[in-house]
Amino acid sequence: MERPLRAGRLATFAYFALNGFLMGMWIVHIPAIEHRVGISHALLGWLLLLLGAGAFAGMQITGPLTDRFGARTVVPAGAALCSAALVLPGLATNVWTLGAALLVLGFGNGCLDVSMNAHAVQVERGYQRPVMSAFHATFSIGGVLAALVGACTLSWNWSPLVTLGAMALLGLAVASLATPALLRPERAQTEEAPGPAARTRRRTPRRIWVLSGLALMLMLCEGVANDWSVLQFRDVLDAPAATAALAYGAFATAMTIGRLLADRVAARFGPVAILRYGASMAALGLTVVALSPWIPLALIGWTVFGTGLSGCIPQLFSAAGHTDRDAAGANVSRVAGLGYLGMLAGPAIIGLLTHFIALNVTFFLPVACCIIAACTADTLRPTGAAAEGEGLDGFGPLRAPAPDETVR
């Protein structure tokens with residue numbers, strides 16, 4: 001099993017990087033596509049809601065399908081759909097076709113997001129130690145790669161259609177090459193469909209809804225950083241445009257590095273500590289940002305915020321997937337779906353609040369979300385029989401990898 005498990009882990013890295021790359025390519029080309037279609041920033045904002053709606057729908061549909069057919073079947077299908085849909089915004093010529101393109105692209109993104117996270121849970125169960133955060137870090141790295149590739153193609157005056165079409169073909173190739181390495185469905189997934197009694201027993205546990213609420217709050221915080229960090233530097237601290245860009249850069253870099261390190265920290269101290277102290281650190285960092293009158297101190301605040309937030313969401317996904325291995329996909333889809341809604345709602349809520357209070361004061365809303373998450377971190381600790389003899393996520397004893405570990 002060691003070689004298939006290693007191959008499955010590498011394939012999961014590939015799909016996470018692919019997902020980050022595909023969505024990054026769309027983001028890089030937003031200005032060019034907006035100009036091509038001839039729409040305003042305000043109308044584009046409304047159209048982006050279709051991207052979110054499509055992603056939410058894809059997540060909710062894909063979760064149960066992953067449980068029924070296995071991630072080995074659903075992940076490549078989601079990756080192929082997301083890759084093929086990438087070319088659609090490049091074909092759009094008016095507001096209606098762009099709206100339809102974003103709806104399909106969002107749906108493909110949601111399908112790939114949930115199915116690859118469900119497969120990541122299966123890989124993590126095989127390793128019997130935390131490996132989820134590194135996958136999420138790879139997603140961020142894929143976005144960075146997209147920014148670099150997009151910068152090159154735009155400097156070469158490639159049209160969005162040509163670039164997105166080429167990247168769609170690349171995505172299809174990567175998805176095809178990585179498919180054979182995916183793990184086969186676990187035995188419970190290949191048995192006969194459960195009867196009515198079994199379906200009743202698998203009604204969504206209260207714990208999953210609590211995890212979903214935490215995901216909504218913490219991804220709301222991430223959305224605030226994504227959309228408002230640069231504007232906070234420019235409007236509140238009166239920073240030059242080049243300096244303001246460093247605010248998001250500090251946050252994103254800290255998030256990526258933190259996720260690369262979070263698995264080993266979780267193996268040593270457990271996911272409860274990751275959420276409790278990580279969310280507390282995030283609350284402290286954003287409080288510094290909100291109160292600081294100095295740019296260097298605010299940069300430190302965004303860095304601390306990103307570092308603290310980095311390991312929290314992967315722990316929630318992992319806990320949801322390990323709550324019930326036969327319903328891992330459905331449980332992950334609920335947590336991911338509400339989390340995604342939080343990421344979309346956060347920037348909008350902050351924008352609404354700025355009509356009444358200063359931008360930096362609105363940041364105390366995500367600070368409160370982080371404090372609530374820290375206070376409810378024990379939700380990640382399994383209770384009852386599921387906790388007996390198992391690790392904090394219920395998939396076996398958590399342990400740090402030994403230097404001579406055979407499965408890497």
# chains A, B, ... in the order shown; residues from 1 in each chain; ligands from 1
>>> closest_atom_pairs(of="range 109-186 of chain A", to="range 271-288 of chain A", cutoff="12 Å", atoms="only C-alpha atoms", output="JSON lines")
{"residue": "A:Arg129", "atom": "CA", "partner": "A:Pro271", "partner_atom": "CA", "distance": 10.8}
{"residue": "A:Pro130", "atom": "CA", "partner": "A:Pro271", "partner_atom": "CA", "distance": 8.7}
{"residue": "A:Val131", "atom": "CA", "partner": "A:Pro271", "partner_atom": "CA", "distance": 11.6}
{"residue": "A:Met132", "atom": "CA", "partner": "A:Pro271", "partner_atom": "CA", "distance": 11.0}
{"residue": "A:Ser133", "atom": "CA", "partner": "A:Pro271", "partner_atom": "CA", "distance": 10.9}
>>> write_last_selection(atoms="C-alpha atoms", output="PDB file, in the first residue's frame")
ATOM      1  CA  ARG A 129      -1.132  11.882  10.422  1.00  0.00           C
ATOM      2  CA  PRO A 130      -2.051  15.399   9.276  1.00  0.00           C
ATOM      3  CA  VAL A 131      -1.241  16.151   5.634  1.00  0.00           C
ATOM      4  CA  MET A 132      -4.191  18.388   4.690  1.00  0.00           C
ATOM      5  CA  SER A 133      -2.588  21.815   5.170  1.00  0.00           C
TER       6      SER A 133
END
>>> residues_around(residues="range 139-144 of chain A", least_positions_apart="6", cutoff="8 Å", atoms="only C-alpha atoms", output="list in words")
Phe16, Ala17, Leu18, Asn19, Gly20, Phe21, Leu22, Met23, Gly24, Met25 and Thr256 of chain A
>>> closest_residue(among="A:Leu170, A:Val332, A:Leu338, A:Leu91", to="Leu214 in chain A", atoms="only C-alpha atoms")
A:Leu338
>>> select_by_dssp(residues="range 24-270 of chain A", states="helix (DSSP H, G or I)", output="PyMOL selection string")
chain A and resi 24-28+30-37+41-69+71-85+88-91+95-127+132-155+160-181+187-190+196-201+206-235+241-269
>>> atom_distance(atom1="CA of Thr12 in chain A", atom2="CA of Met116 in chain A")
6.7 Å
>>> residues_around(residues="Tyr15 in chain A", least_positions_apart="3", cutoff="12 Å", atoms="only C-alpha atoms", output="PDB file with C-alpha atoms, in the first residue's frame")
ATOM      1  CA  GLY A   8      -2.111   9.208  -4.372  1.00  0.00           C
ATOM      2  CA  ARG A   9      -0.609  11.986  -2.303  1.00  0.00           C
ATOM      3  CA  LEU A  10       1.352  13.333  -5.281  1.00  0.00           C
ATOM      4  CA  ALA A  11      -1.774  13.206  -7.429  1.00  0.00           C
ATOM      5  CA  THR A  12      -3.670  15.169  -4.783  1.00  0.00           C
ATOM      6  CA  LEU A  18      -4.289  22.694 -10.865  1.00  0.00           C
ATOM      7  CA  ASN A  19      -7.349  24.149  -9.134  1.00  0.00           C
ATOM      8  CA  GLY A  20      -5.366  27.130  -7.850  1.00  0.00           C
ATOM      9  CA  PHE A  21      -3.785  27.611 -11.275  1.00  0.00           C
ATOM     10  CA  LEU A  22      -7.092  27.516 -13.191  1.00  0.00           C
ATOM     11  CA  ALA A  71     -13.045  10.366  -5.425  1.00  0.00           C
ATOM     12  CA  ARG A  72     -11.070   8.387  -8.021  1.00  0.00           C
ATOM     13  CA  VAL A  75     -11.998  14.181  -9.060  1.00  0.00           C
ATOM     14  CA  PRO A  76     -10.916  13.740 -12.715  1.00  0.00           C
ATOM     15  CA  ALA A  77     -14.422  14.615 -13.908  1.00  0.00           C
ATOM     16  CA  GLY A  78     -14.432  17.785 -11.811  1.00  0.00           C
ATOM     17  CA  ALA A  79     -10.933  18.705 -13.004  1.00  0.00           C
ATOM     18  CA  ALA A  80     -11.896  18.151 -16.645  1.00  0.00           C
ATOM     19  CA  CYS A  82     -13.167  23.092 -14.515  1.00  0.00           C
ATOM     20  CA  SER A  83     -10.392  23.020 -17.134  1.00  0.00           C
ATOM     21  CA  ASN A 109     -14.549  24.798  -9.520  1.00  0.00           C
ATOM     22  CA  CYS A 111     -16.954  20.071  -8.171  1.00  0.00           C
ATOM     23  CA  LEU A 112     -13.170  19.902  -8.161  1.00  0.00           C
ATOM     24  CA  ASP A 113     -12.830  21.647  -4.796  1.00  0.00           C
ATOM     25  CA  VAL A 114     -14.991  19.222  -2.815  1.00  0.00           C
ATOM     26  CA  SER A 115     -13.914  16.019  -4.565  1.00  0.00           C
ATOM     27  CA  MET A 116     -10.178  16.734  -4.233  1.00  0.00           C
ATOM     28  CA  ASN A 117     -10.629  17.616  -0.546  1.00  0.00           C
ATOM     29  CA  ALA A 118     -12.497  14.339  -0.039  1.00  0.00           C
ATOM     30  CA  HIS A 119      -9.605  12.495  -1.681  1.00  0.00           C
ATOM     31  CA  ALA A 120      -7.179  14.428   0.531  1.00  0.00           C
ATOM     32  CA  PHE A 135      -2.467  20.429  -0.017  1.00  0.00           C
ATOM     33  CA  HIS A 136      -4.076  23.810   0.635  1.00  0.00           C
ATOM     34  CA  THR A 138      -0.215  23.874  -2.998  1.00  0.00           C
ATOM     35  CA  PHE A 139      -3.463  25.529  -4.099  1.00  0.00           C
ATOM     36  CA  ILE A 141       1.262  28.027  -5.093  1.00  0.00           C
ATOM     37  CA  GLY A 142      -0.849  27.211  -8.152  1.00  0.00           C
ATOM     38  CA  GLY A 171      -5.425  21.458 -17.353  1.00  0.00           C
ATOM     39  CA  LEU A 172      -7.058  18.567 -19.206  1.00  0.00           C
ATOM     40  CA  ALA A 173      -3.638  16.997 -19.744  1.00  0.00           C
ATOM     41  CA  VAL A 174      -2.667  17.311 -16.076  1.00  0.00           C
ATOM     42  CA  ALA A 175      -6.006  15.885 -14.953  1.00  0.00           C
ATOM     43  CA  SER A 176      -5.605  12.929 -17.304  1.00  0.00           C
ATOM     44  CA  LEU A 177      -2.020  12.170 -16.268  1.00  0.00           C
ATOM     45  CA  ALA A 178      -2.796  12.340 -12.532  1.00  0.00           C
ATOM     46  CA  THR A 179      -5.912  10.150 -12.660  1.00  0.00           C
ATOM     47  CA  ALA A 181      -2.480   7.600  -9.243  1.00  0.00           C
ATOM     48  CA  LEU A 182      -5.691   8.395  -7.341  1.00  0.00           C
TER      49      LEU A 182
END
>>> residues_around(residues="range 36-46 of chain A", least_positions_apart="5", cutoff="10 Å", atoms="only C-alpha atoms", output="list in words")
Ile30, Pro31, Leu51, Pro89, Gly90, Leu91, Ala92, Thr93, Asn94, Val95, Trp96, Thr97, Leu98, Gly99 and Pro160 of chain A
>>> atom_distance(atom1="CA of Gly258 in chain A", atom2="CA of Ala242 in chain A")
24.6 Å
>>> residues_around(residues="range 220-229 of chain A", least_positions_apart="5", cutoff="6 Å", atoms="only C-alpha atoms", output="CSV table (one decimal) with all heavy atoms, in the first residue's frame")
chain,number,residue,atom,x,y,z
A,247,ALA,N,0.5,44.8,1.5
A,247,ALA,CA,-0.4,44.4,2.6
A,247,ALA,C,-1.0,43.0,2.2
A,247,ALA,O,-0.9,42.0,3.0
A,247,ALA,CB,-1.6,45.4,2.8
A,248,TYR,N,-1.5,42.9,1.0
A,248,TYR,CA,-2.0,41.5,0.6
A,248,TYR,C,-0.9,40.6,0.4
A,248,TYR,O,-1.0,39.4,0.7
A,248,TYR,CB,-2.8,41.6,-0.7
A,248,TYR,CG,-3.2,40.3,-1.2
A,248,TYR,CD1,-4.2,39.5,-0.5
A,248,TYR,CD2,-2.6,39.7,-2.3
A,248,TYR,CE1,-4.6,38.3,-0.9
A,248,TYR,CE2,-3.0,38.4,-2.7
A,248,TYR,CZ,-4.0,37.7,-2.0
A,248,TYR,OH,-4.3,36.5,-2.5
A,342,GLY,N,-19.1,32.4,3.1
A,342,GLY,CA,-18.5,33.3,4.0
A,342,GLY,C,-17.4,34.2,3.3
A,342,GLY,O,-17.3,35.4,3.5
A,343,MET,N,-16.6,33.5,2.4
A,343,MET,CA,-15.6,34.2,1.7
A,343,MET,C,-16.2,35.3,0.8
A,343,MET,O,-15.7,36.4,0.6
A,343,MET,CB,-14.7,33.3,0.9
A,343,MET,CG,-13.6,34.0,0.2
A,343,MET,SD,-12.5,32.8,-0.6
A,343,MET,CE,-11.5,32.2,0.8
A,346,GLY,N,-18.1,38.1,3.2
A,346,GLY,CA,-17.2,39.0,4.1
A,346,GLY,C,-16.9,40.3,3.4
A,346,GLY,O,-17.2,41.4,4.0
A,347,PRO,N,-16.4,40.4,2.2
A,347,PRO,CA,-16.1,41.6,1.6
A,347,PRO,C,-17.3,42.5,1.4
A,347,PRO,O,-17.2,43.7,1.6
A,347,PRO,CB,-15.4,41.3,0.3
A,347,PRO,CG,-14.9,39.9,0.5
A,347,PRO,CD,-15.8,39.2,1.4
A,366,PRO,N,-14.4,40.7,11.7
A,366,PRO,CA,-13.7,39.4,11.6
A,366,PRO,C,-12.8,39.1,12.8
A,366,PRO,O,-12.6,37.9,13.1
A,366,PRO,CB,-12.8,39.7,10.3
A,366,PRO,CG,-12.8,41.1,10.1
A,366,PRO,CD,-14.1,41.6,10.6
>>> closest_residue(among="A:Thr204, A:Thr73, A:Ser292, A:Ser159", to="Leu237 in chain A", atoms="only C-alpha atoms")
A:Ser292
>>> residues_around(residues="Leu49 in chain A", least_positions_apart="4", cutoff="12 Å", atoms="only C-alpha atoms", output="list of chain:residue names")
A:Ala42, A:Leu43, A:Leu44, A:Gly45, A:Ala53, A:Gly54, A:Ala55, A:Phe56, A:Gly99, A:Ala100, A:Leu102, A:Leu103, A:Leu105, A:Gly106, A:Tyr340, A:Leu341, A:Met343, A:Leu344, A:Ala345, A:Ala348
>>> write_last_selection(atoms="C-alpha atoms", output="compact mmCIF listing (two decimals), in the first residue's frame")
# COMPACT_ATOMS: atom_id res chain seq x y z
CA ALA A 42 -20.40 47.28 -10.65
CA LEU A 43 -21.95 44.90 -13.17
CA LEU A 44 -18.89 42.67 -12.99
CA GLY A 45 -19.37 42.48 -9.23
CA ALA A 53 -23.51 30.45 -6.95
CA GLY A 54 -22.16 27.93 -9.45
CA ALA A 55 -19.40 26.89 -7.05
CA PHE A 56 -21.87 26.40 -4.18
CA GLY A 99 -22.72 35.31 -16.87
CA ALA A 100 -23.33 31.83 -18.25
CA LEU A 102 -18.97 32.21 -14.94
CA LEU A 103 -21.81 30.01 -13.74
CA LEU A 105 -16.76 27.84 -14.39
CA GLY A 106 -17.94 28.22 -10.80
CA TYR A 340 -17.25 29.66 0.39
CA LEU A 341 -20.36 31.69 1.13
CA MET A 343 -15.61 34.25 1.69
CA LEU A 344 -18.07 35.90 -0.71
CA ALA A 345 -20.14 37.58 2.00
CA ALA A 348 -19.67 42.65 0.86
>>> residues_around(residues="Val230 in chain A", least_positions_apart="6", cutoff="9 Å", atoms="only C-alpha atoms", output="short mmCIF file (atom, residue, chain, number, x, y, z; two decimals) with N, CA, C and O atoms, in the first residue's frame")
data_model
loop_
_atom_site.label_atom_id
_atom_site.label_comp_id
_atom_site.auth_asym_id
_atom_site.auth_seq_id
_atom_site.Cartn_x
_atom_site.Cartn_y
_atom_site.Cartn_z
N ALA A 241 0.44 53.33 -3.86
CA ALA A 241 -0.12 52.11 -4.44
C ALA A 241 0.84 50.93 -4.34
O ALA A 241 0.44 49.80 -4.02
N THR A 243 3.24 50.43 -2.18
CA THR A 243 3.35 49.99 -0.79
C THR A 243 2.08 49.27 -0.35
O THR A 243 2.13 48.28 0.38
N ALA A 244 0.92 49.76 -0.81
CA ALA A 244 -0.35 49.14 -0.43
C ALA A 244 -0.42 47.69 -0.89
O ALA A 244 -1.01 46.83 -0.20
N ALA A 245 0.18 47.38 -2.03
CA ALA A 245 0.16 46.01 -2.53
C ALA A 245 0.86 45.05 -1.58
O ALA A 245 0.58 43.85 -1.56
N LEU A 246 1.78 45.57 -0.78
CA LEU A 246 2.51 44.72 0.16
C LEU A 246 1.60 44.17 1.25
O LEU A 246 1.91 43.14 1.86
N ALA A 247 0.49 44.84 1.52
CA ALA A 247 -0.42 44.36 2.57
C ALA A 247 -0.96 42.99 2.21
O ALA A 247 -0.88 42.04 3.01
N TYR A 248 -1.52 42.86 1.01
CA TYR A 248 -2.01 41.54 0.59
C TYR A 248 -0.86 40.57 0.41
O TYR A 248 -0.97 39.37 0.73
#
>>> atom_distance(atom1="CA of Thr379 in chain A", atom2="CA of Arg207 in chain A")
7.0 Å
